[in-house]
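Below is my_file.txt, holding compact mmCIF, C-alpha atoms.
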```txt
# COMPACT_ATOMS: atom_id res chain seq x y z
CA MET A 1 -22.84 13.47 12.89
CA SER A 2 -24.70 13.90 9.65
CA SER A 3 -22.41 11.62 7.65
CA ALA A 4 -23.09 8.76 10.07
CA THR A 5 -26.82 9.25 9.60
CA ALA A 6 -26.41 9.35 5.83
CA GLU A 7 -24.35 6.18 5.97
CA ASP A 8 -27.08 4.52 7.96
CA GLN A 9 -29.82 5.56 5.57
CA LEU A 10 -27.72 3.86 2.91
CA SER A 11 -27.64 0.67 4.98
CA LEU A 12 -31.43 0.75 5.27
CA THR A 13 -31.72 1.19 1.52
CA PHE A 14 -29.30 -1.68 0.86
CA SER A 15 -31.18 -3.96 3.24
CA ALA A 16 -34.52 -3.08 1.72
CA LEU A 17 -33.24 -3.77 -1.78
CA ALA A 18 -31.70 -7.10 -0.81
CA ASN A 19 -34.87 -9.02 -1.55
CA PRO A 20 -36.29 -10.02 -4.94
CA THR A 21 -39.93 -9.51 -3.91
CA ARG A 22 -39.23 -5.99 -2.71
CA ARG A 23 -37.31 -5.17 -5.89
CA ALA A 24 -40.22 -6.47 -7.95
CA ILE A 25 -42.59 -4.26 -5.95
CA LEU A 26 -40.36 -1.24 -6.66
CA ALA A 27 -40.20 -2.12 -10.35
CA ARG A 28 -44.01 -2.28 -10.42
CA LEU A 29 -44.30 1.08 -8.62
CA ALA A 30 -41.89 2.63 -11.12
CA ARG A 31 -44.74 2.24 -13.62
CA GLY A 32 -47.17 4.09 -11.34
CA SER A 33 -48.90 4.00 -7.96
CA ALA A 34 -50.70 0.84 -6.91
CA GLY A 35 -52.68 -0.51 -3.99
CA VAL A 36 -51.55 -3.43 -1.83
CA ASN A 37 -53.93 -5.88 -3.53
CA GLU A 38 -52.60 -4.96 -6.92
CA LEU A 39 -49.01 -5.23 -5.71
CA ALA A 40 -49.70 -8.66 -4.24
CA GLU A 41 -51.19 -10.09 -7.46
CA PRO A 42 -48.04 -11.43 -9.15
CA PHE A 43 -46.82 -13.11 -5.96
CA ASP A 44 -47.72 -16.33 -4.24
CA LEU A 45 -47.72 -14.52 -0.90
CA SER A 46 -50.36 -13.50 1.60
CA LEU A 47 -51.48 -9.90 1.86
CA PRO A 48 -49.89 -9.55 5.33
CA ALA A 49 -46.58 -10.80 3.89
CA ILE A 50 -46.76 -8.24 1.09
CA SER A 51 -47.66 -5.56 3.63
CA ARG A 52 -44.55 -6.46 5.65
CA HIS A 53 -42.38 -6.01 2.55
CA ILE A 54 -44.05 -2.66 1.91
CA ARG A 55 -43.33 -1.58 5.48
CA VAL A 56 -39.63 -2.40 5.01
CA LEU A 57 -39.63 -0.31 1.83
CA GLU A 58 -41.44 2.49 3.70
CA ARG A 59 -38.84 2.49 6.49
CA ALA A 60 -36.12 2.74 3.87
CA GLY A 61 -37.94 5.75 2.41
CA LEU A 62 -38.41 4.03 -0.95
CA VAL A 63 -42.19 3.78 -0.76
CA VAL A 64 -44.77 6.22 0.51
CA GLN A 65 -48.22 4.90 1.36
CA SER A 66 -50.94 7.51 1.47
CA ARG A 67 -53.31 7.45 4.42
CA GLN A 68 -56.67 7.83 2.70
CA ALA A 69 -59.43 5.97 4.50
CA GLN A 70 -60.37 3.26 2.00
CA TYR A 71 -57.85 2.98 -0.79
CA ARG A 72 -54.23 3.44 0.25
CA PRO A 73 -52.08 3.48 -2.86
CA CYS A 74 -48.31 3.14 -2.59
CA ARG A 75 -45.98 5.23 -4.63
CA LEU A 76 -42.27 5.08 -5.26
CA ASP A 77 -39.86 7.64 -3.81
CA PRO A 78 -36.62 7.18 -5.78
CA ARG A 79 -34.54 9.59 -3.65
CA PRO A 80 -32.81 6.90 -1.55
CA LEU A 81 -31.65 5.27 -4.79
CA ASP A 82 -29.78 8.50 -5.56
CA ALA A 83 -27.85 7.96 -2.32
CA VAL A 84 -26.92 4.47 -3.50
CA SER A 85 -25.62 5.76 -6.81
CA ALA A 86 -23.79 8.55 -4.95
CA TRP A 87 -22.06 5.88 -2.85
CA THR A 88 -21.14 3.92 -5.96
CA ASP A 89 -19.85 7.05 -7.72
CA GLY A 90 -17.79 8.11 -4.69
CA CYS A 91 -16.39 4.60 -4.33
CA ARG A 92 -15.35 4.49 -7.98
CA GLU A 93 -13.77 7.94 -7.79
CA ALA A 94 -11.73 6.98 -4.69
CA TRP A 95 -10.46 3.78 -6.33
CA GLU A 96 -9.53 5.56 -9.57
CA ALA A 97 -7.52 8.13 -7.58
CA ALA A 98 -5.89 5.40 -5.48
CA PHE A 99 -4.98 3.45 -8.62
CA ASP A 100 -3.33 6.58 -10.06
CA ARG A 101 -1.18 6.68 -6.92
CA LEU A 102 -0.54 2.94 -7.12
CA ASP A 103 0.66 3.48 -10.67
CA ASP A 104 3.14 6.16 -9.47
CA HIS A 105 4.14 4.04 -6.49
CA LEU A 106 4.94 1.00 -8.66
CA ARG A 107 6.91 3.22 -11.04
CA ASP A 108 8.96 4.63 -8.15
CA LEU A 109 9.62 1.15 -6.78
CA GLN A 110 11.00 0.01 -10.10
CA ALA A 111 13.08 3.18 -10.57
CA ASN A 112 14.54 2.99 -7.05
CA PRO A 113 14.13 -0.60 -5.89
CA LYS A 114 16.24 -0.04 -2.76
CA GLU A 115 14.39 3.03 -1.56
CA GLU A 116 10.93 1.60 -1.61
CA ASP A 117 10.17 2.67 1.95
CA ASP A 118 11.00 6.32 1.35
CA GLU A 119 7.94 7.32 -0.62
CA MET B 1 -20.33 -18.59 -0.77
CA SER B 2 -19.64 -15.38 -2.61
CA ASP B 3 -19.64 -14.62 -6.24
CA ALA B 4 -18.91 -10.94 -6.20
CA SER B 5 -18.45 -10.85 -9.96
CA ASN B 6 -22.23 -11.06 -10.18
CA ALA B 7 -22.80 -8.26 -7.70
CA ASP B 8 -20.89 -5.48 -9.31
CA ALA B 9 -21.30 -2.22 -7.52
CA VAL B 10 -17.99 -0.89 -8.77
CA VAL B 11 -15.68 -2.72 -11.16
CA ILE B 12 -12.37 -1.24 -12.28
CA ASP B 13 -10.16 -3.02 -14.78
CA ARG B 14 -6.67 -1.57 -15.04
CA THR B 15 -3.26 -2.73 -16.21
CA PHE B 16 -0.16 -1.61 -14.33
CA ASP B 17 3.29 -1.41 -15.85
CA ALA B 18 4.88 -3.53 -13.10
CA PRO B 19 5.57 -7.22 -12.49
CA ILE B 20 2.89 -9.15 -10.65
CA ASP B 21 4.97 -9.66 -7.49
CA LEU B 22 5.28 -5.91 -6.94
CA VAL B 23 1.56 -5.41 -7.45
CA TRP B 24 0.73 -8.25 -5.06
CA ARG B 25 2.99 -6.76 -2.41
CA ALA B 26 1.36 -3.36 -2.88
CA TRP B 27 -1.89 -5.01 -1.70
CA THR B 28 -0.55 -7.31 0.99
CA GLU B 29 2.24 -5.42 2.79
CA ALA B 30 1.07 -2.72 5.18
CA GLU B 31 3.86 -0.23 4.34
CA GLN B 32 3.18 -0.61 0.64
CA PHE B 33 -0.59 -0.46 0.96
CA GLN B 34 -0.68 2.76 2.95
CA ALA B 35 1.58 4.43 0.37
CA TRP B 36 -1.19 4.54 -2.21
CA TYR B 37 -4.56 3.48 -0.79
CA GLY B 38 -7.44 5.81 0.06
CA PRO B 39 -9.11 8.86 -1.43
CA THR B 40 -7.03 11.84 -2.54
CA GLY B 41 -5.56 13.75 0.41
CA ALA B 42 -6.14 10.96 2.93
CA THR B 43 -3.42 9.46 5.11
CA ILE B 44 -3.78 5.75 5.72
CA SER B 45 -2.36 4.18 8.87
CA VAL B 46 -2.54 0.42 9.00
CA ALA B 47 -2.98 -0.89 12.54
CA THR B 48 -3.41 -4.56 11.65
CA MET B 49 -2.99 -6.33 8.33
CA ASP B 50 -2.93 -10.05 8.91
CA VAL B 51 -3.02 -11.45 5.39
CA VAL B 52 -4.23 -14.98 6.11
CA VAL B 53 -7.71 -16.39 5.50
CA GLY B 54 -9.81 -15.21 8.46
CA GLY B 55 -7.11 -12.65 9.32
CA ARG B 56 -8.00 -9.16 10.37
CA ARG B 57 -7.46 -5.83 8.68
CA HIS B 58 -7.87 -2.63 10.67
CA MET B 59 -6.79 0.82 9.54
CA SER B 60 -7.52 4.48 9.88
CA MET B 61 -8.00 7.11 7.25
CA ALA B 62 -7.20 10.69 8.25
CA MET B 63 -7.99 13.71 6.14
CA ASP B 64 -8.52 17.44 6.41
CA THR B 65 -12.06 18.56 5.67
CA PRO B 66 -13.62 22.04 5.57
CA ASN B 67 -14.87 21.22 9.09
CA GLY B 68 -11.41 20.34 10.37
CA PRO B 69 -9.42 17.12 10.56
CA MET B 70 -11.39 13.90 10.45
CA GLU B 71 -10.35 10.35 11.18
CA MET B 72 -12.30 7.27 10.21
CA TRP B 73 -11.58 3.66 11.06
CA PHE B 74 -12.28 0.56 9.02
CA VAL B 75 -12.17 -3.07 9.97
CA GLY B 76 -12.51 -6.23 7.94
CA GLU B 77 -11.46 -9.78 7.33
CA TYR B 78 -9.54 -11.57 4.60
CA LEU B 79 -11.77 -14.17 2.97
CA GLU B 80 -9.64 -15.51 0.13
CA ILE B 81 -5.94 -15.32 -0.55
CA VAL B 82 -4.35 -16.91 -3.61
CA GLU B 83 -0.87 -15.44 -4.00
CA HIS B 84 -0.41 -13.46 -7.22
CA GLU B 85 -3.98 -14.26 -8.25
CA ARG B 86 -6.78 -13.27 -5.98
CA LEU B 87 -7.47 -11.38 -2.77
CA VAL B 88 -10.92 -10.98 -1.21
CA TYR B 89 -11.65 -9.02 1.94
CA THR B 90 -14.53 -7.33 3.71
CA GLU B 91 -14.67 -3.80 5.03
CA SER B 92 -16.91 -2.02 7.55
CA MET B 93 -16.72 1.27 9.37
CA SER B 94 -15.49 0.80 12.91
CA ASP B 95 -14.12 2.61 15.94
CA ALA B 96 -10.43 2.83 16.85
CA GLU B 97 -10.66 -0.52 18.65
CA GLY B 98 -12.02 -2.21 15.56
CA ASN B 99 -15.60 -2.63 16.78
CA VAL B 100 -17.98 -2.44 13.83
CA LEU B 101 -20.25 0.58 14.05
CA SER B 102 -23.73 -0.85 13.84
CA ALA B 103 -26.99 0.93 13.20
CA ALA B 104 -28.19 0.14 16.71
CA GLU B 105 -25.11 1.77 18.25
CA MET B 106 -25.89 4.88 16.23
CA GLY B 107 -29.29 4.99 17.86
CA MET B 108 -31.22 3.70 14.87
CA PRO B 109 -34.20 1.51 15.74
CA GLU B 110 -33.87 -0.57 12.60
CA GLY B 111 -31.24 -1.12 9.95
CA HIS B 112 -27.92 -2.83 9.65
CA PRO B 113 -24.34 -1.89 8.97
CA THR B 114 -23.29 -2.22 5.39
CA VAL B 115 -20.43 -4.60 4.95
CA THR B 116 -18.64 -4.16 1.67
CA GLU B 117 -16.55 -6.78 -0.07
CA VAL B 118 -13.47 -6.04 -2.15
CA THR B 119 -12.20 -8.57 -4.67
CA VAL B 120 -8.83 -8.05 -6.34
CA ALA B 121 -8.09 -10.35 -9.28
CA LEU B 122 -4.55 -10.22 -10.69
CA GLU B 123 -3.38 -11.44 -14.07
CA ASN B 124 0.25 -11.77 -15.16
CA LEU B 125 0.73 -10.11 -18.53
CA GLY B 126 4.50 -10.73 -18.62
CA GLY B 127 6.04 -7.73 -16.89
CA LYS B 128 2.72 -5.96 -16.70
CA THR B 129 -0.15 -6.80 -14.37
CA ARG B 130 -3.85 -6.55 -14.97
CA VAL B 131 -5.96 -5.80 -11.90
CA VAL B 132 -9.73 -6.26 -11.89
CA LEU B 133 -11.16 -4.71 -8.76
CA THR B 134 -14.73 -5.34 -7.63
CA HIS B 135 -16.17 -3.42 -4.69
CA ALA B 136 -19.66 -4.56 -3.77
CA GLY B 137 -22.07 -3.42 -1.09
CA ILE B 138 -23.45 -6.33 0.87
CA PRO B 139 -26.21 -6.01 3.45
CA ALA B 140 -24.88 -7.83 6.51
CA ASP B 141 -28.22 -9.41 7.36
CA SER B 142 -28.91 -10.82 3.92
CA PRO B 143 -26.95 -13.93 3.08
CA GLY B 144 -27.87 -15.03 -0.38
CA ALA B 145 -28.57 -11.49 -1.44
CA MET B 146 -25.73 -11.50 -3.93
CA GLY B 147 -26.63 -10.16 -7.29
CA TRP B 148 -28.94 -7.46 -6.02
CA ASN B 149 -26.68 -4.74 -7.33
CA MET B 150 -27.29 -5.78 -10.90
CA ALA B 151 -30.99 -5.72 -10.29
CA LEU B 152 -30.56 -2.31 -8.70
CA ASP B 153 -28.72 -1.02 -11.77
CA LYS B 154 -31.55 -2.21 -13.97
CA LEU B 155 -34.07 -0.61 -11.67
CA ALA B 156 -32.15 2.69 -11.70
CA ASP B 157 -32.03 2.62 -15.51
CA HIS B 158 -35.71 1.89 -15.58
CA LEU B 159 -36.44 4.80 -13.24
CA GLN B 160 -34.33 7.19 -15.26
CA GLY B 161 -36.21 6.18 -18.38
CA ALA B 162 -39.55 6.63 -16.64
```
Before anything else, please render the file you have as structure tokens.
Amino acid sequence: MSSATAEDQLSLTFSALANPTRRAILARLARGSAGVNELAEPFDLSLPAISRHIRVLERAGLVVQSRQAQYRPCRLDPRPLDAVSAWTDGCREAWEAAFDRLDDHLRDLQANPKEEDDE
Amino acid sequence: MSDASNADAVVIDRTFDAPIDLVWRAWTEAEQFQAWYGPTGATISVATMDVVVGGRRHMSMAMDTPNGPMEMWFVGEYLEIVEHERLVYTESMSDAEGNVLSAAEMGMPEGHPTVTEVTVALENLGGKTRVVLTHAGIPADSPGAMGWNMALDKLADHLQGA
């Protein structure tokens, strides 16, 4: 089912974003492509540790690493972030609609306190 | 452990023209809850709604879609209950038995189900009731990850400006 797959992509994106180092890497890549060494510079972390973070971001589809022989710059792919904002927008819309019904429901309860189970 | 007010995915602040007891019951009594909850056109059927700390909530949401009728199940747990003040619960997609649908069960090699957390804060405005709802996405495998949504918002703004 495509919606289940979409939901799961969202989970991957959430997991990938749930780490300050990975968010900092994304923020850096938002300014332009960069190699692993350059990405590692601001952090007190080993290159393999940075590479692991990059792999998590790659699996989430947020980072694409080109496969050129020597220099392998990473670049940002913001598309999964659109899915996150789509989730947030859908969530807000559903709550607003539910709250409209809650408003009506509470009004009905107060107008007909004895018939509260009828609606 | 949680401070969902710092992890705002969705925050809705709304005042209802009803006394606080009615609003509280609308959230904590199954019959009341299913009368209004869910997206437009959905029918909510509460299977379990055990409003105690650690208690379970399990419900289905049925709706007609262009591809035919669809039913989804959700399961969660009540984390905080302060009558007339505050209600916090989690929510995950599940099957009809209430088993959380995990990424692995969907055949994904990596990844984790997203647990979301809903916080309902009530305030008595003398006959009216203010409700501040917070619905936050929380990666299940990342305790201590609270607050990432704010960072995400900033990142999204940054990307849009780029």
Distance query 9 Å from (-49.9, 5.4, -4.6) using all atoms listed in the file, result as a VMD selection string: chain A and resid 29 32 to 35 63 to 66 72 to 76
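We find atom CA of Gly55 of chain B and atom CA of His135 of chain B to be spaced 19.1 Å apart.
As for atom CA of Thr13 of chain A and atom CA of Arg92 of chain A, they are spaced 19.2 Å apart.
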For segment 19-31 of chain B, please output as a PyMOL selection string all residues within 12 Å (counting only C-alpha atoms; exclusion window: fewer than 6 positions along the same chain). (chain A and resi 98-99+101-110+113+116-119) or (chain B and resi 37+44-52+55+57-59+78+81-89+118-131+133)
Pick from B:Ser92, B:Thr43, B:Gln34, B:Thr134: nearest to Glu71 of chain B, with all atoms listed in the file counted? B:Thr43
